[in-house]
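Peer 1: One structure follows; several queries about it will come next.
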Amino acid sequence: MADFTPKAYVKTNCPFSFKFRLFALEAGLANRMEFVELDVDAVSHTSDKSDLRALVGRAHTFPIVEVAQGEFMDDSDLLIDHFAKLHDIDDNQLATLNFYRDGLFPTFLEMFHILAMPLGWMARLGRKPKAFR
């Protein structure tokens, strides 16, 4: 399986996807994996997510990476740990990643939760969650 290339599914505007992609770039691993971007503003976004869920076989978060043939892993921190160990990389030595994790990421995460969870994105679409219907 030396020919296997991990496939990373990342969402645009997702602070978790950005964190993983930043790790891959700074660690020099980005050219060793394929990145598939799911554009949250694309008309096909809902069907793209459904297709990915069918491929993975379960609910998941972003980013999600096919780490081996048919084996998927999600959660940006777990993915960073996985690839750091696999390639003998100390992610604490990656200055830009740590700058993001310690500074921008908490701010983005707060904004992400305000705008996306659970009412923000639905309110922008003029919809209410099922619990409020």
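In the structure tokens, each chain is lettered A, B, ... as it comes, each chain's residues begin at 1, and ligands are numbered from 1 in order of appearance.
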Name the residues of region 5-133 of chain A that fall into strand (DSSP E or B) according to DSSP on the backbone, using the chain letters and numbers of this document, as a PyMOL selection string.

Peer 2: chain A and resi 7-11+34-38+64-68+71-74

Peer 1: Rank nothing, just name the residue among A:Ala59, A:Leu97, A:Gly28, A:Leu52 nearest to Asp77 (chain A), using only C-alpha atoms.

Peer 2: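 With only C-alpha atoms as the atom set, the closest residue is A:Leu97.
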
Peer 1: Choose the residue, out of A:Phe4, A:Tyr100, A:Phe23, A:Tyr9, that has the smallest atom-to-atom separation from His60 (chain A); count only C-alpha atoms.

Peer 2: A:Tyr9

Peer 1: Could you pull out all residues of region 6-120 of chain A with a DSSP call of alpha helix (DSSP H) and give them as JSON, numbers by chain?

Peer 2: {"A": [15, 16, 17, 18, 19, 20, 21, 22, 23, 24, 25, 26, 45, 46, 47, 48, 49, 50, 51, 52, 53, 54, 55, 56, 76, 77, 78, 79, 80, 81, 82, 83, 84, 85, 86, 95, 96, 97, 98, 99, 105, 106, 107, 108, 109, 110, 111, 112, 113, 114, 115, 116, 120]}

Peer 1: If we count only C-alpha atoms and set the cut-off at 12 Å, which residues sit around Ile80 (chain A), ignoring sequence neighbours fewer than 3 positions away in its own chain? Please answer as a ChimeraX atom specification.

Peer 2: /A:8,16-27,29,63-65,67,73-77,83-92,94,97,101
